[in-house]
Amino acid sequence: MARDGIVVPADPQAMAVVKKKPQSSRSWILFDATGRGSLLDVDKYAIMHRVQINARDLRIIDPLLSYPSTILGREKAIVLNLEHIKAIITAEEVLLRDPTDENVIPVVEELQRRLPQLISSFQHQGDGKEYLGGQHDAEAAEEDESPFEFRALEVALEAICSFLAARTTELEMAAYPALDELTSKISSRNLDRVRKLKSAMTRLTARVQKVRDELEQLLDDDDDMADLYLSRKAGSSSPASGTGAANWFAASPTLGSRTSRASRASLATVRLDENDVEELEMLLEAYFSEIDHTLNKLTTLREYIDDTEDYINIQLDSHRNQLIQLELFLSSGTFCLAFYSLVTAIFGMNIPYTWNDDHDYLFKWVVIISGALSALMFVMITAYARKKGLVGS
């Protein structure tokens, strides 16, 4: 089997129709610095040779293996595994896995739109004639001097944050009405519905938490962030870069002609400092805040579910107390009737008593007194139970 693979032009509309392969897909899409995409059908050895990463890093983005969200900086590549977004970013190109996946297609379209942002300002130049809007495009290019890998990384982070935020919004729209319905009517159907929503919330929270932890880990380690500056590392290792600064667009004379000498000197001074990670830090902090906001929404939803569970438990306790109250009333009534029956049974037996002669009225009084005592005992038991809080008033 040839390792070079087959390269065909990328068509977003065609990719939307193509079905995913059931086995491990070898399909990749490659974007260069101009935003042009090409579909690649290659094996893992060709990918490893192209981007110079080892097999362990490539397994992280294998769709058949379950790896948590990870952003790894290597010598010449960034290995990106963010849920369904599995990509390899270099200083000059982006390799995105499974471009036909319905969740990856928006990422493909966004990469095609965002990557050629700085190149478009120079494409109208030629034969000594300048494009009328070239000055404004060059000024816009000067304002956005982010290296290629950061623009690709930003697209991936924006896509995963938007995806998780959308899933959270969908879960909220389904969970809050279900919880309100459960509080109004406790039934097996409503309980099962809330149980499924709570399970979905737990899984989504774990996914969001992992992405947040990965961004937080990067922000806490300047060395890991410095490893993501691929263009700077490539520029410092190149013999042609006299100052060691990263030259994003060395082949474009327009940017050099539009940039003042002082600006170029200042830019070179900043880029000489290999420990300067402020640009990447600001990028990661922006999306860390967004993913943290999504996690806070899920935390609020979990608290609402816990409050609903507490409210339901209170309702069940109230019903349980009512049953206890009914049981106490029945037990008290049964005891009083048993006492009344015992007295009347003793005096109602057909046994000759000498003291019963000529005293027929005594039986009637015994029955009346025993009934009164039974009723009094029932009232006393009920009052004692209410005093101790065993039953409601």
# chains A, B, ... in the order shown; residues from 1 in each chain; ligands from 1
call {"tool": "residues_around", "arguments": {"residues": "stretch 227-233 of chain A", "least_positions_apart": "6", "cutoff": "7 Å", "atoms": "only C-alpha atoms", "output": "tab-separated table (two decimals) with N, CA and C atoms, in the first residue's frame"}}
result
chain	number	residue	atom	x	y	z
A	73	GLY	N	1.67	20.47	22.64
A	73	GLY	CA	2.63	21.19	21.81
A	73	GLY	C	3.87	20.35	21.57
A	74	ARG	N	4.17	20.09	20.32
A	74	ARG	CA	5.36	19.34	19.94
A	74	ARG	C	6.35	20.25	19.22
A	76	LYS	N	7.24	20.59	16.08
A	76	LYS	CA	6.80	21.20	14.83
A	76	LYS	C	5.30	21.09	14.61
A	77	ALA	N	4.55	20.72	15.64
A	77	ALA	CA	3.12	20.54	15.45
A	77	ALA	C	2.39	20.70	16.78
A	78	ILE	N	1.10	21.00	16.66
A	78	ILE	CA	0.18	21.03	17.80
A	78	ILE	C	-0.84	19.92	17.59
A	90	THR	N	0.36	22.73	12.15
A	90	THR	CA	1.76	23.08	12.00
A	90	THR	C	1.86	24.58	11.74
A	91	ALA	N	3.06	25.05	11.48
A	91	ALA	CA	3.24	26.48	11.24
A	91	ALA	C	2.75	26.91	9.87
A	147	PRO	N	0.15	34.48	14.40
A	147	PRO	CA	0.70	33.45	13.51
A	147	PRO	C	-0.38	32.48	13.05
A	245	ALA	N	13.69	36.15	14.80
A	245	ALA	CA	12.26	36.42	14.96
A	245	ALA	C	11.47	35.62	13.97
A	246	ALA	N	10.24	35.34	14.31
A	246	ALA	CA	9.35	34.59	13.44
A	246	ALA	C	8.86	35.51	12.33
call {"tool": "closest_residue", "arguments": {"among": "A:Ile314, A:Leu328, A:Lys198, A:Ala286", "to": "A:Tyr176", "atoms": "only C-alpha atoms"}}
result
A:Lys198
call {"tool": "closest_atom_pairs", "arguments": {"of": "stretch 19-107 of chain A", "to": "stretch 201-213 of chain A", "cutoff": "10 Å", "atoms": "only C-alpha atoms", "output": "tab-separated table"}}
result
residue	atom	partner	partner_atom	distance
A:Pro68	CA	A:Lys210	CA	7.0
A:Ser69	CA	A:Val211	CA	5.8
A:Thr70	CA	A:Val211	CA	7.7
A:Ile71	CA	A:Val211	CA	9.4
A:Asn81	CA	A:Val211	CA	9.7
A:Leu82	CA	A:Val211	CA	7.2
A:Glu83	CA	A:Arg207	CA	7.9
call {"tool": "residues_around", "arguments": {"residues": "A:Arg195", "least_positions_apart": "4", "cutoff": "12 Å", "atoms": "only C-alpha atoms", "output": "list in words"}}
result
Ala175, Ala178, Leu179, Leu182, Ser188, Arg189, Asn190, Leu191, Ser199, Ala200, Met201, Thr202, Ile305, Asp306 and Glu309 of chain A
call {"tool": "closest_residue", "arguments": {"among": "A:Arg56, A:Leu197, A:Val79, A:Glu154", "to": "A:Ala174", "atoms": "only C-alpha atoms"}}
result
A:Leu197
call {"tool": "atom_distance", "arguments": {"atom1": "atom CA of A:Glu93", "atom2": "atom CA of A:Leu64"}}
result
24.4 Å
call {"tool": "closest_residue", "arguments": {"among": "A:Val51, A:Leu65, A:Ala159, A:Ile381", "to": "A:Ile85", "atoms": "only C-alpha atoms"}}
result
A:Ala159
call {"tool": "select_by_dssp", "arguments": {"residues": "stretch 37-92 of chain A", "states": "strand (DSSP E or B)", "output": "PyMOL selection string"}}
result
chain A and resi 37-41+70-73+78-82+85-89
call {"tool": "write_last_selection", "arguments": {"atoms": "all heavy atoms", "output": "CSV table (one decimal), in the first residue's frame"}}
result
chain,number,residue,atom,x,y,z
A,37,GLY,N,-8.3,24.0,0.8
A,37,GLY,CA,-8.4,22.7,1.4
A,37,GLY,C,-8.3,21.6,0.4
A,37,GLY,O,-8.7,21.7,-0.8
A,38,SER,N,-7.6,20.5,0.8
A,38,SER,CA,-7.5,19.3,-0.1
A,38,SER,C,-7.8,18.1,0.8
A,38,SER,O,-7.3,17.9,1.9
A,38,SER,CB,-6.1,19.2,-0.7
A,38,SER,OG,-5.8,20.4,-1.5
A,39,LEU,N,-8.6,17.2,0.2
A,39,LEU,CA,-8.9,15.9,0.9
A,39,LEU,C,-7.8,15.0,0.8
A,39,LEU,O,-7.2,14.8,-0.4
A,39,LEU,CB,-10.2,15.3,0.4
A,39,LEU,CG,-11.5,16.0,0.8
A,39,LEU,CD1,-12.7,15.4,0.1
A,39,LEU,CD2,-11.7,16.0,2.3
A,40,LEU,N,-7.4,14.3,1.8
A,40,LEU,CA,-6.3,13.3,1.8
A,40,LEU,C,-6.8,12.0,2.3
A,40,LEU,O,-7.5,11.9,3.3
A,40,LEU,CB,-5.1,13.8,2.7
A,40,LEU,CG,-4.5,15.1,2.5
A,40,LEU,CD1,-3.4,15.4,3.5
A,40,LEU,CD2,-3.9,15.2,1.1
A,41,ASP,N,-6.4,11.0,1.6
A,41,ASP,CA,-6.7,9.6,2.0
A,41,ASP,C,-5.4,8.9,2.2
A,41,ASP,O,-4.9,8.3,1.3
A,41,ASP,CB,-7.6,8.9,0.9
A,41,ASP,CG,-8.1,7.5,1.4
A,41,ASP,OD1,-7.9,7.3,2.6
A,41,ASP,OD2,-8.6,6.8,0.6
A,70,THR,N,-7.4,17.2,24.8
A,70,THR,CA,-6.0,17.4,25.0
A,70,THR,C,-5.5,18.4,24.0
A,70,THR,O,-5.9,18.4,22.8
A,70,THR,CB,-5.2,16.1,24.9
A,70,THR,OG1,-5.7,15.1,25.7
A,70,THR,CG2,-3.7,16.3,25.2
A,71,ILE,N,-4.6,19.3,24.4
A,71,ILE,CA,-3.8,20.2,23.5
A,71,ILE,C,-2.4,20.0,23.8
A,71,ILE,O,-1.9,20.4,24.9
A,71,ILE,CB,-4.3,21.6,23.7
A,71,ILE,CG1,-5.8,21.8,23.5
A,71,ILE,CG2,-3.5,22.5,22.8
A,71,ILE,CD1,-6.2,23.2,23.7
A,72,LEU,N,-1.6,19.4,22.9
A,72,LEU,CA,-0.2,19.1,23.1
A,72,LEU,C,0.6,19.9,22.1
A,72,LEU,O,0.3,20.0,20.9
A,72,LEU,CB,0.0,17.6,22.8
A,72,LEU,CG,-0.6,16.6,23.8
A,72,LEU,CD1,-0.3,15.2,23.4
A,72,LEU,CD2,-0.2,16.8,25.2
A,73,GLY,N,1.7,20.5,22.6
A,73,GLY,CA,2.6,21.2,21.8
A,73,GLY,C,3.9,20.3,21.6
A,73,GLY,O,4.5,19.9,22.5
A,78,ILE,N,1.1,21.0,16.7
A,78,ILE,CA,0.2,21.0,17.8
A,78,ILE,C,-0.8,19.9,17.6
A,78,ILE,O,-1.5,19.9,16.6
A,78,ILE,CB,-0.5,22.4,17.9
A,78,ILE,CG1,0.5,23.5,18.2
A,78,ILE,CG2,-1.5,22.4,19.1
A,78,ILE,CD1,-0.2,24.9,18.2
A,79,VAL,N,-0.9,19.0,18.5
A,79,VAL,CA,-1.9,17.9,18.4
A,79,VAL,C,-3.1,18.3,19.2
A,79,VAL,O,-3.0,18.6,20.4
A,79,VAL,CB,-1.3,16.6,19.0
A,79,VAL,CG1,-2.3,15.4,18.9
A,79,VAL,CG2,0.0,16.2,18.3
A,80,LEU,N,-4.2,18.3,18.5
A,80,LEU,CA,-5.5,18.9,19.1
A,80,LEU,C,-6.5,17.8,19.1
A,80,LEU,O,-6.9,17.2,18.1
A,80,LEU,CB,-5.9,20.1,18.2
A,80,LEU,CG,-6.9,21.1,18.8
A,80,LEU,CD1,-6.3,21.8,20.0
A,80,LEU,CD2,-7.4,22.0,17.8
A,81,ASN,N,-7.0,17.5,20.3
A,81,ASN,CA,-8.1,16.6,20.5
A,81,ASN,C,-9.2,17.3,21.4
A,81,ASN,O,-9.1,17.2,22.6
A,81,ASN,CB,-7.6,15.3,21.1
A,81,ASN,CG,-8.8,14.3,21.3
A,81,ASN,OD1,-9.8,14.3,20.6
A,81,ASN,ND2,-8.6,13.4,22.3
A,82,LEU,N,-10.2,17.9,20.8
A,82,LEU,CA,-11.2,18.6,21.5
A,82,LEU,C,-12.6,18.0,21.1
A,82,LEU,O,-13.1,18.4,20.1
A,82,LEU,CB,-11.2,20.1,21.2
A,82,LEU,CG,-10.0,20.8,21.7
A,82,LEU,CD1,-10.0,22.3,21.3
A,82,LEU,CD2,-9.8,20.7,23.2
A,85,ILE,N,-13.4,17.5,17.4
A,85,ILE,CA,-12.4,18.2,16.6
A,85,ILE,C,-11.0,17.5,16.9
A,85,ILE,O,-10.4,17.7,18.0
A,85,ILE,CB,-12.4,19.7,17.0
A,85,ILE,CG1,-13.7,20.3,16.8
A,85,ILE,CG2,-11.3,20.4,16.1
A,85,ILE,CD1,-13.8,21.7,17.2
A,86,LYS,N,-10.5,16.8,15.9
A,86,LYS,CA,-9.2,16.1,16.0
A,86,LYS,C,-8.4,16.7,14.9
A,86,LYS,O,-8.6,16.4,13.7
A,86,LYS,CB,-9.4,14.6,15.9
A,86,LYS,CG,-10.4,14.1,17.0
A,86,LYS,CD,-10.6,12.6,16.9
A,86,LYS,CE,-11.6,12.1,17.9
A,86,LYS,NZ,-11.3,12.3,19.3
A,87,ALA,N,-7.3,17.4,15.2
A,87,ALA,CA,-6.5,18.1,14.2
A,87,ALA,C,-5.1,18.1,14.6
A,87,ALA,O,-4.7,17.9,15.8
A,87,ALA,CB,-7.0,19.5,14.0
A,88,ILE,N,-4.2,18.3,13.6
A,88,ILE,CA,-2.8,18.5,13.7
A,88,ILE,C,-2.5,19.9,13.1
A,88,ILE,O,-2.7,20.0,11.9
A,88,ILE,CB,-2.0,17.4,13.1
A,88,ILE,CG1,-2.4,16.0,13.8
A,88,ILE,CG2,-0.5,17.7,13.3
A,88,ILE,CD1,-1.7,14.8,13.1
A,89,ILE,N,-1.9,20.8,13.8
A,89,ILE,CA,-1.6,22.1,13.3
A,89,ILE,C,-0.1,22.3,13.3
A,89,ILE,O,0.6,22.0,14.3
A,89,ILE,CB,-2.3,23.2,14.3
A,89,ILE,CG1,-3.8,23.0,14.4
A,89,ILE,CG2,-2.0,24.6,13.7
A,89,ILE,CD1,-4.4,23.9,15.4
call {"tool": "closest_residue", "arguments": {"among": "A:Gln112, A:Asn313, A:Thr169, A:Thr183", "to": "A:Val155", "atoms": "only C-alpha atoms"}}
result
A:Gln112
call {"tool": "atom_distance", "arguments": {"atom1": "atom CA of A:Lys196", "atom2": "atom CA of A:Phe163"}}
result
20.7 Å
call {"tool": "residues_around", "arguments": {"residues": "A:Ala165", "least_positions_apart": "5", "cutoff": "9 Å", "atoms": "only C-alpha atoms", "output": "list in words"}}
result
Ile160, Glu170, Glu290, Ile291, His293, Thr294 and Leu295 of chain A
